[in-house]
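Colleague: Before anything else, here's the structure in question.
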Amino acid sequence: MTYAIDGGSYQTSAIFVTTVTGLHHIYIRNQSGCVLDTIIGIYYAGINELSEVNFLSLAPNPVSGTGTLTIRSSVEMNADITLCDMTGRIISASSLQLTGGPQQKQIDMSMLSDGVYFLSLSHEGKKLAEIKTLVVR
């Protein structure tokens, strides 16, 4: 498979470097040439002050089962991943050892109802980044 962001050139890696927050179009092309277009939201919270995490995304977005969380951090550290609904109710929480580079984690969202959810990454109670995702069945 090859991947492109915002109409750019296709690449073999699903990891993109961008500092632009907001919605981005991701294109995934399979070996047959079929292309899936999805939209992801990239939002940073305090990145200027907390540069430990400089990329966070969940794909596909919207998600209907399992999504791939991609994180790029500049340091090794323990981080907390929290999934909340629109009211702020915590749906799930887990820990992750960040490796000081790009890494991916599968997030099972199959148990969720349709709706908008927030996935945040924090360290010692400080939110490092947050993204909004849409779950569709």
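Please note that chains go A, B, ... in the order of the structure tokens, that every chain numbers its residues from 1, and that ligands are numbered from 1 in the order shown.
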Find the spatial neighbours of range 83-97 of chain A, counting only C-alpha atoms, within a cut-off of 6 Å - ignore same-chain residues fewer than 4 positions away - and output them as a VMD selection string.
Modeller: chain A and resid 77 to 79 117 to 119
Colleague: Residues of the last selection are to be written out with C-alpha atoms, as a compact mmCIF listing (two decimals), in the first residue's frame.
Modeller:
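Contents of the output file result18.txt:
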# COMPACT_ATOMS: atom_id res chain seq x y z
CA MET A 77 8.42 8.35 28.72
CA ASN A 78 5.33 6.67 30.08
CA ALA A 79 2.14 8.18 28.70
CA TYR A 117 -14.93 10.80 20.80
CA PHE A 118 -11.72 12.43 22.03
CA LEU A 119 -8.48 10.51 22.34
Colleague: Just the residues within 10 Å of Leu58 in chain A, please, counting only C-alpha atoms, with nothing from its chain fewer than 6 positions along; format it as number ranges by chain.
Modeller: A: 39-42, 66-71, 104-107, 119, 131-133
Colleague: Would you work out the distance separating CA of Ile5 in chain A from CA of Ile26 in chain A, expressed in Å to one decimal?
Modeller: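 Between CA of Ile5 in chain A and CA of Ile26 in chain A the gap works out to 4.6 Å.
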Colleague: How far is it from CA of Asp6 in chain A to CA of Asp80 in chain A, in Å with one decimal?
Modeller: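 Between CA of Asp6 in chain A and CA of Asp80 in chain A the gap is 29.5 Å.
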Colleague: Go through chain A and collect every residue that DSSP, computed from the backbone, puts in strand (DSSP E); the answer should be as an MDAnalysis selection string.
Modeller: chainID A and resid 2:5 22:29 35:42 53:59 66:73 76:85 90:99 102:108 115:123 126:135
